[in-house]
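For reference, start.cif (mmCIF, C-alpha atoms):
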```
data_model
#
loop_
_atom_site.label_atom_id
_atom_site.label_comp_id
_atom_site.auth_asym_id
_atom_site.auth_seq_id
_atom_site.Cartn_x
_atom_site.Cartn_y
_atom_site.Cartn_z
CA MET A 66 -24.86 38.29 -38.02
CA HIS A 67 -28.60 38.70 -38.16
CA PRO A 68 -29.88 40.90 -35.30
CA SER A 69 -32.14 38.23 -33.89
CA ALA A 70 -29.38 35.65 -34.13
CA THR A 71 -27.40 37.37 -31.37
CA PRO A 72 -27.44 35.08 -28.32
CA PRO A 73 -29.35 36.64 -25.41
CA ALA A 74 -27.90 37.09 -21.97
CA PRO A 75 -28.82 34.50 -19.35
CA GLY A 76 -32.19 35.03 -17.70
CA ARG A 77 -33.92 36.65 -20.68
CA THR A 78 -36.17 34.49 -22.84
CA PRO A 79 -36.58 35.69 -26.44
CA VAL A 80 -40.19 35.87 -27.60
CA CYS A 81 -41.77 36.59 -30.94
CA ALA A 82 -42.80 40.25 -30.77
CA PRO A 83 -46.43 41.07 -31.65
CA LEU A 84 -46.55 42.29 -35.22
CA TRP A 85 -48.84 45.21 -34.36
CA ALA A 86 -46.29 46.50 -31.84
CA VAL A 87 -43.43 46.25 -34.33
CA LEU A 88 -45.47 48.06 -36.99
CA ALA A 89 -46.50 50.80 -34.53
CA VAL A 90 -42.87 51.49 -33.58
CA THR A 91 -41.95 51.33 -37.26
CA PHE A 92 -44.58 53.90 -38.24
CA VAL A 93 -43.52 56.54 -35.71
CA ASN A 94 -39.80 56.13 -36.40
CA SER A 95 -40.43 56.19 -40.13
CA LEU A 96 -41.89 59.67 -39.71
CA GLY A 97 -38.33 60.59 -38.78
CA THR A 98 -37.09 58.94 -41.96
CA GLY A 99 -39.43 61.18 -43.93
CA ILE A 100 -38.72 64.40 -42.06
CA VAL A 101 -34.94 64.06 -41.62
CA THR A 102 -33.51 61.51 -44.05
CA ASN A 103 -35.63 62.77 -46.96
CA GLY A 104 -36.96 66.15 -45.81
CA VAL A 105 -34.07 67.83 -43.99
CA PHE A 106 -33.06 69.48 -47.27
CA PHE A 107 -36.29 71.50 -47.36
CA VAL A 108 -35.74 72.51 -43.74
CA ALA A 109 -32.13 73.54 -44.42
CA ARG A 110 -33.14 75.63 -47.44
CA GLU A 111 -35.87 77.54 -45.57
CA SER A 112 -33.92 77.94 -42.32
CA TYR A 113 -30.42 78.63 -43.59
CA GLY A 114 -30.81 79.34 -47.31
CA PHE A 115 -29.02 76.16 -48.42
CA GLY A 116 -28.77 75.69 -52.18
CA ALA A 117 -28.17 72.53 -54.18
CA THR A 118 -24.44 72.42 -53.37
CA ALA A 119 -24.88 72.79 -49.60
CA ASN A 120 -27.74 70.27 -49.59
CA TYR A 121 -25.62 67.73 -51.47
CA GLY A 122 -22.91 68.20 -48.84
CA LEU A 123 -25.53 67.62 -46.15
CA GLY A 124 -26.73 64.52 -48.01
CA LEU A 125 -23.19 63.15 -48.23
CA LEU A 126 -22.76 63.65 -44.48
CA LEU A 127 -26.09 61.94 -43.87
CA GLY A 128 -25.14 58.93 -45.98
CA LEU A 129 -21.72 58.47 -44.41
CA PHE A 130 -23.00 58.55 -40.84
CA TYR A 131 -26.05 56.42 -41.62
CA VAL A 132 -23.83 53.65 -42.99
CA ALA A 133 -21.50 54.02 -40.00
CA GLY A 134 -24.47 53.61 -37.66
CA ALA A 135 -25.90 50.59 -39.47
CA LEU A 136 -22.60 48.73 -39.92
CA GLY A 137 -20.67 49.91 -36.87
CA VAL A 138 -22.78 51.26 -34.03
CA SER A 139 -25.65 48.77 -34.30
CA PRO A 140 -23.51 45.57 -33.99
CA ILE A 141 -21.70 47.07 -31.00
CA LEU A 142 -24.97 47.87 -29.23
CA LEU A 143 -26.39 44.42 -29.95
CA ARG A 144 -23.27 42.68 -28.62
CA LEU A 145 -23.42 44.88 -25.53
CA ALA A 146 -27.00 43.80 -24.90
CA ALA A 147 -26.08 40.13 -25.44
CA ARG A 148 -23.16 40.08 -23.01
CA HIS A 149 -24.56 42.03 -20.07
CA LYS A 150 -27.51 40.66 -18.15
CA ALA A 151 -28.67 44.07 -17.00
CA ILE A 152 -28.89 45.42 -20.58
CA SER A 153 -31.58 44.12 -22.92
CA THR A 154 -32.12 44.83 -26.59
CA ARG A 155 -35.28 46.71 -25.68
CA ALA A 156 -33.30 48.86 -23.23
CA VAL A 157 -30.85 49.74 -25.98
CA LEU A 158 -33.76 50.53 -28.30
CA VAL A 159 -35.27 52.85 -25.67
CA CYS A 160 -31.95 54.65 -25.24
CA VAL A 161 -31.55 55.15 -28.99
CA THR A 162 -35.10 56.46 -29.52
CA SER A 163 -34.81 58.77 -26.49
CA SER A 164 -31.49 60.10 -27.79
CA LEU A 165 -33.07 60.76 -31.17
CA GLY A 166 -35.86 62.68 -29.46
CA LEU A 167 -33.55 64.87 -27.39
CA LEU A 168 -31.30 65.50 -30.38
CA CYS A 169 -34.22 66.92 -32.38
CA PHE A 170 -34.39 69.95 -30.09
CA LEU A 171 -30.79 71.00 -30.86
CA PRO A 172 -31.41 73.01 -34.10
CA LEU A 173 -34.29 74.98 -32.58
CA LEU A 174 -32.29 75.73 -29.42
CA VAL A 175 -29.30 76.96 -31.41
CA GLU A 176 -31.57 79.12 -33.57
CA ARG A 177 -32.95 80.79 -30.44
CA LEU A 178 -29.35 81.57 -29.46
CA ASN A 179 -28.67 82.91 -32.98
CA ALA A 180 -25.52 80.75 -33.19
CA GLY A 181 -25.45 80.01 -36.93
CA SER A 182 -26.11 76.99 -39.14
CA TRP A 183 -23.58 74.58 -37.63
CA ALA A 184 -26.32 72.88 -35.61
CA ILE A 185 -28.01 71.36 -38.68
CA TRP A 186 -24.73 69.68 -39.65
CA ILE A 187 -24.16 68.26 -36.17
CA PHE A 188 -27.80 67.21 -35.92
CA THR A 189 -27.80 65.47 -39.31
CA ALA A 190 -24.62 63.53 -38.57
CA CYS A 191 -25.71 62.34 -35.11
CA TYR A 192 -29.31 61.63 -36.13
CA SER A 193 -28.14 59.58 -39.13
CA ALA A 194 -25.78 57.47 -37.04
CA LEU A 195 -28.44 56.78 -34.42
CA SER A 196 -31.09 56.10 -37.06
CA GLY A 197 -28.75 53.70 -38.83
CA SER A 198 -28.26 51.77 -35.58
CA LEU A 199 -32.00 51.79 -34.85
CA TRP A 200 -33.38 49.88 -37.82
CA PRO A 201 -31.36 46.65 -37.50
CA MET A 202 -32.82 46.26 -34.01
CA ILE A 203 -36.38 46.82 -35.24
CA GLU A 204 -35.76 44.37 -38.09
CA GLY A 205 -34.59 41.86 -35.48
CA TYR A 206 -37.94 42.13 -33.68
CA LEU A 207 -39.73 41.85 -37.02
CA SER A 208 -38.00 38.66 -38.21
CA GLY A 209 -37.33 37.01 -34.85
CA GLY A 210 -39.58 33.96 -34.36
CA ARG A 211 -40.93 34.11 -37.94
CA ARG A 212 -39.94 32.30 -41.10
CA ASP A 213 -41.05 31.43 -44.61
CA LYS A 214 -44.64 32.54 -45.35
CA ASP A 215 -45.16 34.28 -42.00
CA LEU A 216 -41.91 36.20 -42.41
CA ARG A 217 -42.70 37.23 -45.98
CA SER A 218 -46.14 38.46 -44.93
CA ALA A 219 -44.70 40.42 -41.99
CA VAL A 220 -42.01 42.03 -44.16
CA GLY A 221 -44.62 42.96 -46.77
CA ARG A 222 -46.72 44.75 -44.17
CA PHE A 223 -43.59 46.32 -42.72
CA ASN A 224 -42.75 47.83 -46.13
CA VAL A 225 -46.26 49.21 -46.57
CA VAL A 226 -46.27 50.79 -43.10
CA TRP A 227 -42.91 52.55 -43.36
CA GLY A 228 -43.69 53.62 -46.91
CA ILE A 229 -46.99 55.20 -45.85
CA ALA A 230 -45.30 56.89 -42.86
CA VAL A 231 -42.77 58.63 -45.11
CA VAL A 232 -45.58 59.97 -47.33
CA VAL A 233 -47.56 61.14 -44.28
CA ALA A 234 -44.47 62.91 -42.93
CA PHE A 235 -44.03 64.90 -46.14
CA TRP A 236 -47.68 65.98 -46.09
CA LEU A 237 -47.64 66.89 -42.38
CA MET A 238 -44.53 69.05 -42.68
CA ALA A 239 -45.87 70.98 -45.70
CA PRO A 240 -47.70 73.81 -43.83
CA LEU A 241 -44.76 74.33 -41.44
CA VAL A 242 -41.85 74.36 -43.89
CA LYS A 243 -42.14 78.10 -44.53
CA PRO A 244 -43.20 79.59 -41.15
CA TRP A 245 -41.49 77.20 -38.69
CA PRO A 246 -39.09 74.75 -40.38
CA LEU A 247 -37.02 73.88 -37.32
CA GLY A 248 -40.22 73.40 -35.33
CA ILE A 249 -40.95 70.37 -37.52
CA ILE A 250 -37.82 68.67 -36.19
CA ALA A 251 -38.73 69.61 -32.61
CA ILE A 252 -42.18 68.03 -33.00
CA LEU A 253 -40.47 64.91 -34.31
CA GLY A 254 -38.42 64.85 -31.12
CA VAL A 255 -41.59 64.59 -29.04
CA LEU A 256 -42.74 61.64 -31.17
CA HIS A 257 -39.39 59.87 -30.72
CA VAL A 258 -39.60 60.20 -26.95
CA PHE A 259 -43.14 58.81 -27.10
CA THR A 260 -41.82 55.85 -29.11
CA ALA A 261 -39.66 54.82 -26.14
CA VAL A 262 -42.89 54.00 -24.28
CA MET A 263 -44.28 52.08 -27.27
CA THR A 264 -41.37 49.62 -27.20
CA TRP A 265 -42.63 47.85 -24.04
CA PRO A 266 -44.87 45.26 -25.80
CA LEU A 267 -41.92 44.16 -27.97
CA GLY A 268 -40.36 42.14 -25.19
CA ALA A 269 -36.90 42.35 -23.65
CA GLU A 270 -35.35 40.35 -26.51
CA PRO A 271 -36.45 39.63 -30.08
CA GLY A 272 -37.46 36.10 -30.99
CA ARG A 273 -34.83 33.61 -32.05
CA HIS A 274 -33.81 33.55 -35.68
CA LEU A 275 -35.52 30.54 -37.30
CA GLU A 276 -33.83 28.86 -40.21
CA SER A 277 -35.87 28.71 -43.39
CA ARG A 278 -37.27 25.34 -44.44
CA HIS A 279 -35.90 26.04 -47.92
CA GLU A 280 -38.97 25.06 -49.86
CA PRO A 281 -38.23 24.18 -53.49
CA HIS A 282 -38.19 27.19 -55.79
CA PRO A 283 -37.65 27.53 -59.56
CA ARG A 284 -34.05 27.73 -60.71
CA VAL A 285 -34.69 31.09 -62.33
CA TYR A 286 -35.13 32.67 -58.88
CA ARG A 287 -31.39 32.63 -58.27
CA SER A 288 -30.74 34.32 -61.61
CA LEU A 289 -33.32 36.98 -60.86
CA LEU A 290 -31.76 37.59 -57.45
CA GLY A 291 -28.35 38.12 -59.06
CA VAL A 292 -29.71 40.87 -61.32
CA LEU A 293 -31.71 42.55 -58.56
CA ARG A 294 -28.67 42.66 -56.31
CA VAL A 295 -27.23 45.10 -58.85
CA LEU A 296 -30.43 47.08 -59.39
CA LEU A 297 -31.16 47.54 -55.66
CA PRO A 298 -28.06 49.65 -54.81
CA THR A 299 -28.60 51.48 -58.09
CA SER A 300 -32.06 52.54 -56.93
CA TYR A 301 -30.61 53.73 -53.62
CA PHE A 302 -27.97 55.66 -55.53
CA ILE A 303 -30.62 57.42 -57.60
CA ALA A 304 -32.85 58.18 -54.61
CA ALA A 305 -29.92 59.60 -52.65
CA ALA A 306 -28.89 61.71 -55.65
CA TRP A 307 -32.43 63.06 -56.11
CA GLN A 308 -33.41 64.05 -52.55
CA PRO A 309 -30.87 66.87 -51.96
CA PHE A 310 -31.75 68.38 -55.34
CA ALA A 311 -35.53 68.15 -54.82
CA PRO A 312 -35.99 71.59 -53.19
CA THR A 313 -34.12 73.27 -56.04
CA ALA A 314 -35.99 71.29 -58.69
CA VAL A 315 -39.50 72.15 -57.47
CA GLU A 316 -38.49 75.77 -56.86
CA ARG A 317 -37.33 76.12 -60.48
CA ILE A 318 -40.72 75.10 -61.83
CA GLY A 319 -42.48 77.65 -59.61
CA VAL A 320 -44.19 75.43 -57.01
CA ALA A 321 -45.28 77.24 -53.82
CA VAL A 322 -43.34 76.27 -50.69
CA ALA A 323 -46.42 74.83 -48.98
CA TRP A 324 -46.92 72.37 -51.86
CA GLN A 325 -43.32 71.38 -52.50
CA THR A 326 -43.08 68.47 -50.06
CA PRO A 327 -46.47 67.00 -51.13
CA LEU A 328 -45.31 67.18 -54.75
CA VAL A 329 -42.02 65.40 -53.99
CA ALA A 330 -43.97 62.79 -51.99
CA THR A 331 -45.56 61.67 -55.27
CA TRP A 332 -42.80 59.17 -55.97
CA MET A 333 -43.04 57.84 -52.41
CA ALA A 334 -46.81 57.37 -52.77
CA SER A 335 -46.43 55.46 -56.05
CA ARG A 336 -43.78 53.29 -54.37
CA VAL A 337 -46.26 52.40 -51.61
CA LEU A 338 -48.83 51.50 -54.26
CA VAL A 339 -46.34 49.05 -55.78
CA PHE A 340 -45.61 47.61 -52.32
CA CYS A 341 -49.31 46.88 -51.81
CA VAL A 342 -49.86 45.38 -55.29
CA MET A 343 -46.78 43.17 -55.29
CA GLU A 344 -47.46 41.96 -51.74
CA ARG A 345 -50.97 40.81 -52.70
CA TRP A 346 -50.56 39.82 -56.36
CA HIS A 347 -47.98 37.11 -57.08
CA GLY A 348 -48.18 36.93 -60.86
CA TRP A 349 -44.79 38.60 -61.15
CA HIS A 350 -42.94 35.73 -59.40
CA GLY A 351 -40.27 34.16 -61.58
CA ARG A 352 -40.79 36.61 -64.46
CA TRP A 353 -37.87 38.34 -66.16
CA ARG A 354 -40.09 41.23 -67.13
CA THR A 355 -40.21 42.32 -63.48
CA PRO A 356 -36.56 43.47 -63.10
CA LEU A 357 -36.51 44.69 -66.70
CA ALA A 358 -39.60 46.83 -66.10
CA GLY A 359 -38.15 48.08 -62.82
CA ALA A 360 -34.87 49.10 -64.48
CA PHE A 361 -36.70 50.80 -67.35
CA LEU A 362 -39.03 52.76 -65.05
CA LEU A 363 -36.15 53.69 -62.77
CA GLY A 364 -34.04 55.07 -65.61
CA ILE A 365 -36.86 56.94 -67.32
CA GLY A 366 -38.20 58.35 -64.05
CA PHE A 367 -34.76 59.54 -62.98
CA ALA A 368 -34.01 61.14 -66.33
CA ALA A 369 -37.37 62.91 -66.55
CA SER A 370 -37.76 64.12 -62.96
CA VAL A 371 -34.14 64.92 -62.07
CA LEU A 372 -32.51 65.97 -65.31
CA SER A 373 -35.28 68.13 -66.80
CA PRO A 374 -34.91 70.91 -64.19
CA LEU A 375 -31.13 70.83 -64.71
CA VAL A 376 -31.27 71.64 -68.41
CA GLY A 377 -33.96 74.25 -67.92
CA THR A 378 -35.31 74.30 -71.48
CA GLY A 379 -34.76 70.61 -72.19
CA LEU A 380 -38.16 69.33 -71.02
CA PRO A 381 -41.38 71.06 -70.01
CA GLY A 382 -41.51 71.79 -66.29
CA THR A 383 -44.94 72.05 -64.69
CA ALA A 384 -46.23 70.61 -61.44
CA ARG A 385 -48.51 68.21 -63.31
CA ASP A 386 -45.66 66.98 -65.51
CA ASP A 387 -43.42 66.59 -62.48
CA ARG A 388 -46.02 64.45 -60.70
CA ARG A 389 -46.07 62.09 -63.64
CA ARG A 390 -42.29 61.88 -63.81
CA LEU A 391 -41.97 61.29 -60.08
CA SER A 392 -44.67 58.63 -60.23
CA ILE A 393 -42.62 56.74 -62.81
CA LEU A 394 -39.54 56.98 -60.59
CA GLY A 395 -41.48 55.65 -57.60
CA LEU A 396 -42.91 52.76 -59.59
CA GLY A 397 -39.44 51.66 -60.64
CA MET A 398 -38.04 51.88 -57.13
CA GLY A 399 -41.00 50.00 -55.68
CA VAL A 400 -40.69 47.16 -58.19
CA ILE A 401 -36.95 46.74 -57.60
CA TYR A 402 -37.19 46.93 -53.81
CA SER A 403 -40.11 44.51 -53.49
CA ALA A 404 -38.65 41.98 -55.93
CA SER A 405 -35.19 42.13 -54.32
CA LEU A 406 -36.60 41.49 -50.89
CA TYR A 407 -38.80 38.62 -52.06
CA TYR A 408 -36.08 36.72 -53.93
CA ALA A 409 -33.57 37.28 -51.12
CA MET A 410 -35.95 35.56 -48.70
CA GLU A 411 -36.90 32.81 -51.15
CA VAL A 412 -33.38 31.90 -52.26
CA GLY A 413 -31.47 32.88 -49.11
CA ASP A 414 -32.24 32.57 -45.42
CA GLY A 415 -34.46 35.61 -45.19
CA SER A 416 -31.92 37.89 -43.52
CA PRO A 417 -30.11 40.74 -45.30
CA PRO A 418 -26.41 39.81 -45.54
CA GLU A 419 -23.72 42.14 -44.29
CA GLN A 420 -22.29 42.51 -47.79
CA ALA A 421 -25.65 43.68 -49.16
CA ARG A 422 -25.82 46.34 -46.46
CA ARG A 423 -22.41 47.62 -47.48
CA ILE A 424 -23.37 47.73 -51.16
CA ILE A 425 -26.62 49.59 -50.43
CA GLY A 426 -24.75 51.94 -48.12
CA LEU A 427 -22.25 52.60 -50.88
CA GLY A 428 -25.04 53.69 -53.21
CA PHE A 429 -26.63 55.73 -50.42
CA THR A 430 -23.35 57.65 -50.04
CA LEU A 431 -22.21 57.86 -53.66
CA GLY A 432 -25.50 59.43 -54.78
CA PRO A 433 -24.97 62.74 -52.93
CA ALA A 434 -21.23 62.58 -53.65
CA CYS A 435 -21.83 62.46 -57.41
CA GLY A 436 -24.49 65.15 -57.12
CA LEU A 437 -22.09 67.36 -55.21
CA ALA A 438 -19.40 66.85 -57.85
CA GLY A 439 -21.89 67.65 -60.61
CA THR A 440 -23.09 70.89 -59.00
CA LEU A 441 -19.51 72.02 -58.35
CA VAL A 442 -18.43 71.35 -61.91
CA SER A 443 -21.49 73.05 -63.39
CA SER A 444 -21.25 76.14 -61.16
CA PRO A 445 -19.94 79.41 -62.70
CA THR A 446 -17.45 79.87 -59.86
CA CYS A 447 -15.80 76.53 -60.67
CA CYS A 448 -15.68 76.91 -64.46
CA PRO A 449 -16.36 80.60 -65.24
CA ALA A 450 -15.21 80.28 -68.86
CA TRP A 451 -18.05 77.91 -69.77
CA PRO A 452 -21.37 79.37 -70.90
CA SER A 453 -24.31 78.32 -68.73
CA ARG A 454 -25.84 76.32 -71.58
CA SER A 455 -22.57 74.41 -72.09
CA ARG A 456 -22.49 73.50 -68.40
CA SER A 457 -26.08 72.27 -68.55
CA SER A 458 -25.45 70.27 -71.70
CA LEU A 459 -22.38 68.69 -70.16
CA LEU A 460 -24.31 67.69 -67.05
CA TRP A 461 -27.12 66.33 -69.25
CA ASP A 462 -24.65 64.20 -71.25
CA TRP A 463 -22.98 62.88 -68.11
CA SER A 464 -26.32 61.98 -66.57
CA TRP A 465 -27.54 60.11 -69.63
CA GLN A 466 -24.23 58.25 -69.84
CA SER A 467 -24.64 57.24 -66.19
CA LEU A 468 -28.01 55.70 -67.11
CA ALA A 469 -26.72 53.95 -70.22
CA TRP A 470 -25.11 51.17 -68.20
CA LEU A 471 -28.44 49.95 -66.79
CA PRO A 472 -29.43 47.67 -69.73
CA PRO A 473 -25.95 46.09 -70.09
CA VAL A 474 -25.87 45.39 -66.35
CA VAL A 475 -29.22 43.60 -66.52
CA ILE A 476 -28.16 41.57 -69.56
CA ARG A 477 -24.83 40.66 -68.00
CA GLY A 478 -26.58 39.64 -64.78
CA VAL A 479 -28.88 37.37 -66.74
CA ARG A 480 -25.97 35.72 -68.52
CA ALA A 481 -23.83 35.41 -65.42
CA ASN A 482 -26.59 33.73 -63.43
CA LYS A 483 -27.98 31.57 -66.21
CA PRO A 484 -27.57 27.89 -65.31
CA ARG A 485 -25.16 26.09 -67.61
CA THR A 486 -25.08 22.44 -68.57
CA ARG A 487 -21.63 21.05 -69.09
CA GLN A 488 -21.01 19.33 -72.40
CA PRO A 489 -18.36 16.59 -72.51
CA TYR A 490 -15.20 17.61 -74.30
CA LYS A 491 -14.54 15.60 -77.43
CA GLY A 492 -11.06 14.65 -76.35
CA MET A 493 -11.86 13.71 -72.76
CA THR A 494 -11.43 10.14 -71.52
CA ASP A 495 -12.81 8.15 -68.63
CA SER A 496 -10.86 6.84 -65.66
CA ILE A 497 -9.16 4.05 -67.65
CA GLY A 498 -8.29 6.14 -70.70
CA ARG A 499 -11.27 5.36 -72.97
CA ARG A 500 -13.32 8.06 -74.71
CA PRO A 501 -16.95 8.35 -73.56
CA GLU A 502 -18.47 7.11 -76.85
CA ARG A 503 -16.22 4.01 -76.91
CA ALA A 504 -16.88 3.32 -73.23
CA ALA A 505 -20.62 3.37 -73.97
CA GLN A 506 -20.24 0.90 -76.86
CA SER A 507 -18.32 -1.53 -74.70
#
```
Here is the file; what I need is its structure written in the form of structure tokens.
Amino acid sequence: MHPSATPPAPGRTPVCAPLWAVLAVTFVNSLGTGIVTNGVFFVARESYGFGATANYGLGLLLGLFYVAGALGVSPILLRLAARHKAISTRAVLVCVTSSLGLLCFLPLLVERLNAGSWAIWIFTACYSALSGSLWPMIEGYLSGGRRDKDLRSAVGRFNVVWGIAVVVAFWLMAPLVKPWPLGIIAILGVLHVFTAVMTWPLGAEPGRHLESRHEPHPRVYRSLLGVLRVLLPTSYFIAAAWQPFAPTAVERIGVAVAWQTPLVATWMASRVLVFCVMERWHGWHGRWRTPLAGAFLLGIGFAASVLSPLVGTGLPGTARDDRRRLSILGLGMGVIYSASLYYAMEVGDGSPPEQARRIIGLGFTLGPACGLAGTLVSSPTCCPAWPSRSRSSLLWDWSWQSLAWLPPVVIRGVRANKPRTRQPYKGMTDSIGRRPERAAQS
């Protein structure tokens, strides 16, 4: 069920939330997406000495609890708000944001008590579950009371705002990663508590879900949507596999700690650039080159930025080269995300289906899981008999083979969604037993 489609309790009138208020709440909470969902691996490395293996374990935990929050906790909270008159959706949103804020002080408090690294695991799991339950409610305020062109414009601005917030978060945390890493999370807690006050202009309930008028669209749109439904979880898989390894990758090429998060934010900045261009320029609508270009950029960007540090001597590794590789990765992810969202709203009813959430969540979880398996297999403690170069070559081969299925998937999606015209079978007859050609003659 779409968040804004949940029937409100008696006595509360749903209203269309002001777009500026939704975007303001989105921006502040997206800083948390940048600092925790994408940046917690830098904090864990500086605070607790986490390597690639531990960070992949942390990423797997993050993915599992995020999906649990989005698919389990969020529907429960929304039903609770719908059935009880005293509880509104805004009240639930305030409770979630306040809980996120208080939770952010846990790692710093435990560090003061010198109680070990367990706090970052508990914090990541709880924060991910709460964050996963938060965004469906914000999306409900975004889409409630809007449809068709107004909805597409609002979603386009929404993407630009949260994309910029993630980039800003990576730049703001850069000077504090080395001297005070856990302080970054504590500062985020203050912002989350402040967000609870910002939710007041949203209204007690989001606007009602308006059915799309289903304006005519070219037949190719449905075929393009079928292909992008495969590429979208693939992009999430790649992003989730890259983030836990990012601190190790930039460390191997000799980037100073204060410049590591700005360097990694390169792919996020290029993604925002694509969001802005594709939201304003519509020449890519209905073009097959859009998903093909997105798949190509995604594969090349992943191979260049993620795999080159793994093989060590395979590709040159400088900060300038890494910026270019990450830019390619971000361009591919931006193209796929923007196109997927557009065709889903054009062909469908404008709301993300439950099945799509599960598929995206699967990619969000399998990315760190595969990365964890790869680091364990390639570690000397797991396979001490293998030379280090053999382990790197094996991981290189596996990674390239994992990318090799991208073109066949696109081609198969095109064929599977291509409209077919039925040709009459030569031996078929009409209702009284005559063949079509004889029936036409008579």
Do you have the CA of Val412 in chain A-CA of Met333 in chain A distance handy?
27.7 Å
Using all atoms listed in the file, what does the table of range 241-270 of chain A residues within 12 Å of range 112-136 of chain A look like, with each row giving the shortest atom pair and its distance in Å to one decimal, sorted by chain and ascending number, as a tab-separated table?
```
residue	atom	partner	partner_atom	distance
A:Leu241	CA	A:Ser112	CA	11.5
A:Val242	CA	A:Ser112	CA	8.8
A:Lys243	CA	A:Ser112	CA	8.5
A:Pro244	CA	A:Ser112	CA	9.5
A:Trp245	CA	A:Ser112	CA	8.4
A:Pro246	CA	A:Ser112	CA	6.4
A:Leu247	CA	A:Ser112	CA	7.1
A:Gly248	CA	A:Ser112	CA	10.4
A:Ile249	CA	A:Ser112	CA	11.4
A:Ile250	CA	A:Ser112	CA	11.8
```
Long-range neighbours of Val220 in chain A as a ChimeraX atom specification, 12 Å cut-off, all atoms listed in the file, 6 positions minimum in chain:
/A:84,87-88,91,203-209,211-214,226-227,340-341,344,402-403,406-407,409-410,415-416
Excluding Ala305 in chain A and its own-chain neighbours fewer than 3 positions away, which residues fall within 7 Å of it when counting only C-alpha atoms? Please give them as a ChimeraX atom specification.
/A:301-302,308,429,432-433
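If you measure from each of A:Ala219, A:Val400, A:Val337, A:Leu293 to Trp85 in chain A using all atoms listed in the file, the closest one turns out to be A:Ala219.
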If you count all atoms listed in the file, which residues fall within 10 Å of Pro312 in chain A, apart from same-chain ones fewer than 5 positions away, as a PDB file with C-alpha atoms, keeping the file's coordinate frame?
```pdb
ATOM      1  CA  GLY A 104     -36.960  66.150 -45.810  1.00  0.00           C
ATOM      2  CA  PHE A 106     -33.060  69.480 -47.270  1.00  0.00           C
ATOM      3  CA  PHE A 107     -36.290  71.500 -47.360  1.00  0.00           C
ATOM      4  CA  VAL A 108     -35.740  72.510 -43.740  1.00  0.00           C
ATOM      5  CA  ALA A 109     -32.130  73.540 -44.420  1.00  0.00           C
ATOM      6  CA  ARG A 110     -33.140  75.630 -47.440  1.00  0.00           C
ATOM      7  CA  GLU A 111     -35.870  77.540 -45.570  1.00  0.00           C
ATOM      8  CA  PHE A 115     -29.020  76.160 -48.420  1.00  0.00           C
ATOM      9  CA  GLY A 116     -28.770  75.690 -52.180  1.00  0.00           C
ATOM     10  CA  ALA A 117     -28.170  72.530 -54.180  1.00  0.00           C
ATOM     11  CA  ASN A 120     -27.740  70.270 -49.590  1.00  0.00           C
ATOM     12  CA  TRP A 307     -32.430  63.060 -56.110  1.00  0.00           C
ATOM     13  CA  ARG A 317     -37.330  76.120 -60.480  1.00  0.00           C
ATOM     14  CA  VAL A 320     -44.190  75.430 -57.010  1.00  0.00           C
ATOM     15  CA  VAL A 322     -43.340  76.270 -50.690  1.00  0.00           C
ATOM     16  CA  GLN A 325     -43.320  71.380 -52.500  1.00  0.00           C
ATOM     17  CA  THR A 326     -43.080  68.470 -50.060  1.00  0.00           C
ATOM     18  CA  VAL A 329     -42.020  65.400 -53.990  1.00  0.00           C
TER      19      VAL A 329
END
```
Would you write out, as a ChimeraX atom specification, every residue that the PyMOL selection byres ((chain A and resi 168-172) around 9) captures in this file?
/A:163-167,173-177,182-185,187-188,191-192,247-248,250-255,257
Near-Tyr408 in chain A list (8 Å; only C-alpha atoms; drop same-chain fewer than 3 positions) as a PDB file with C-alpha atoms, keeping the file's coordinate frame:
```pdb
ATOM      1  CA  TYR A 286     -35.130  32.670 -58.880  1.00  0.00           C
ATOM      2  CA  ARG A 287     -31.390  32.630 -58.270  1.00  0.00           C
ATOM      3  CA  LEU A 289     -33.320  36.980 -60.860  1.00  0.00           C
ATOM      4  CA  LEU A 290     -31.760  37.590 -57.450  1.00  0.00           C
ATOM      5  CA  ALA A 404     -38.650  41.980 -55.930  1.00  0.00           C
ATOM      6  CA  SER A 405     -35.190  42.130 -54.320  1.00  0.00           C
ATOM      7  CA  GLU A 411     -36.900  32.810 -51.150  1.00  0.00           C
ATOM      8  CA  VAL A 412     -33.380  31.900 -52.260  1.00  0.00           C
ATOM      9  CA  GLY A 413     -31.470  32.880 -49.110  1.00  0.00           C
TER      10      GLY A 413
END
```
Who sits within 8 Å of Leu362 in chain A, only C-alpha atoms, same chain under 4 positions skipped, as an MDAnalysis selection string:
chainID A and resid 358 366 393:394 396:397
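Take the candidates A:Ser196, A:Thr154, A:Ala230, A:Thr98 and check each one against Gly272 in chain A using all atoms listed in the file; the shortest distance goes to A:Thr154.
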Please, what distance in Å, to one decimal, runs between CA of Ala314 in chain A and CA of Leu338 in chain A?
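One can read the CA of Ala314 in chain A to CA of Leu338 in chain A distance as 24.0 Å.
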A:Trp332, A:Trp324, A:Trp265, A:Trp236: which is nearest Ser153 in chain A, counting all atoms listed in the file?
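The closest residue to Ser153 in chain A is A:Trp265.
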At what distance in Å, to one decimal, does CA of Arg336 in chain A lie from CA of Ser392 in chain A?
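Spanning CA of Ser392 in chain A to CA of Arg336 in chain A is a straight-line distance of 8.0 Å.
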